[in-house]
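*Asks:* Quick one: structure below, then a few questions.
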Amino acid sequence: MGGISAAGKLQAEGHSVTLLEGRDRLGGRTWTDTSLGFPADFGASWVHGASVQNPLTAVVQGLNLRTEDHPDKQLCRYDKDGVKYNANQVAKWELWCWDAEPGHGATGTLEQFLRSYDPAFFNTVEGEMCLAGWDFNEGSAVDLVSAAKIYQSEVEETGGPEWLMLDGYVSLVNGLVQRFQSAGGTVKTGAKVTQVEYCMGFGDVSCTANVTYTENGSSVTQSADAVVVAVPLGVPRRQRLAPSGDDL
């Protein structure tokens with residue numbers, strides 16, 4: 001959602017904005033599937049700590065989106081065969097994923113520690129899902145206790161309920177897009193940016209940036225006063241961007 005969020009912010013400050021999206025949909029890692037007749041989120045699905053300290057709270061309320069206060073303790077969890085966990089299994093899952101006792105620190109990465117903590121569990125589908133709940137920083141030396149305390153402090157700092165998006169998280173994306181377009185913003189999907197050229201102004205001399213992207217199989221170049229590129233962290237990590245020039 002970085003692209004539409006940045007576009008809306010710039011628009012609110014009085015700029016004329018065109019949003020280019022390489023996929024055929026907006027939202028990035030926010031993806032809601034409705035093929036089974038109900039919304040199932042494969043990306044974000046919660047607004048954690050929905051209080052005045054959380055900027056998403058006002059956005060969700062301003063868009064009149066349907067939510068439900070749904071504490072984590074009410075969740076049901078199932079194994080890879082579709083069998084529901086009993087209370088003891090859920091408690092064990094919570095211990096492994098969130099509530100490690102002091103003294104379980106490690107000097108390797110968080111993922112390495114979790115896998116060594118209980119190899120049998122973290123080599124299963126359930127274990128992989130647990131691992132997916134953490135944002136691993138490659139090469140970091142954070143231990144499970146530190147990460148759990150950071151997560152807990154963030155939730156306690158914001159306070160407020162845990163909101164479940166009843167129409168899927170895509171409702172938030174669609175609401176932001178609709179608001180952006182109704183205010184005059186332009187959205188182009190399937191527009192894969194291939195090159196961004198810019199120059200640095202000097203004194204009274206100004207210049208524009210040129211953005212080249214594909215649209216309906218053709219290459220299009222558009223000029224702009226400025227360009228904002230929103231990409232997942234994995235893109236620069238995997239060196240899928242190729243910056244060049246003395247100013248980079």
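Convention: chains lettered A, B, ... in structure tokens order; per-chain residue numbering from 1; ligands numbered from 1 as shown.
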Counting only C-alpha atoms, what is within 6 Å of His48 (chain A), bar same-chain residues fewer than 2 positions away, as a VMD selection string?

*Replies:* chain A and resid 46 50 162

*Asks:* Measure the distance from CA of Pro55 (chain A) to CA of Gly3 (chain A) in Å and round it to one decimal.

*Replies:*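 Result for CA of Pro55 (chain A) versus CA of Gly3 (chain A): 16.7 Å, one decimal.
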
*Asks:* How many Å separate CA of Leu63 (chain A) from CA of Ala226 (chain A)?

*Replies:* 28.4 Å

*Asks:* From the list A:His15, A:Arg179, A:Lys188, A:Arg29, which residue is nearest Met1 (chain A) when using only C-alpha atoms?

*Replies:* A:Arg29

*Asks:* Calculated over only C-alpha atoms, which of the candidates A:Ala209, A:Ala230, A:Leu166, A:Ala40 has the smallest distance to Thr67 (chain A)?

*Replies:* A:Leu166

*Asks:* By how many Å are CA of Leu26 (chain A) and CA of Val229 (chain A) apart?

*Replies:*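 These two atoms are separated by 14.4 Å.
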
*Asks:* Would you list the contacts of region 17-23 of chain A as an NGL selection string, taking every protein, DNA or RNA residue within 12 Å and counting only C-alpha atoms, but skipping same-chain residues closer than 4 positions in sequence?

*Replies:* :A and (1-13 or 27-29 or 177 or 180-181 or 183-194 or 211-216 or 220 or 222-231)
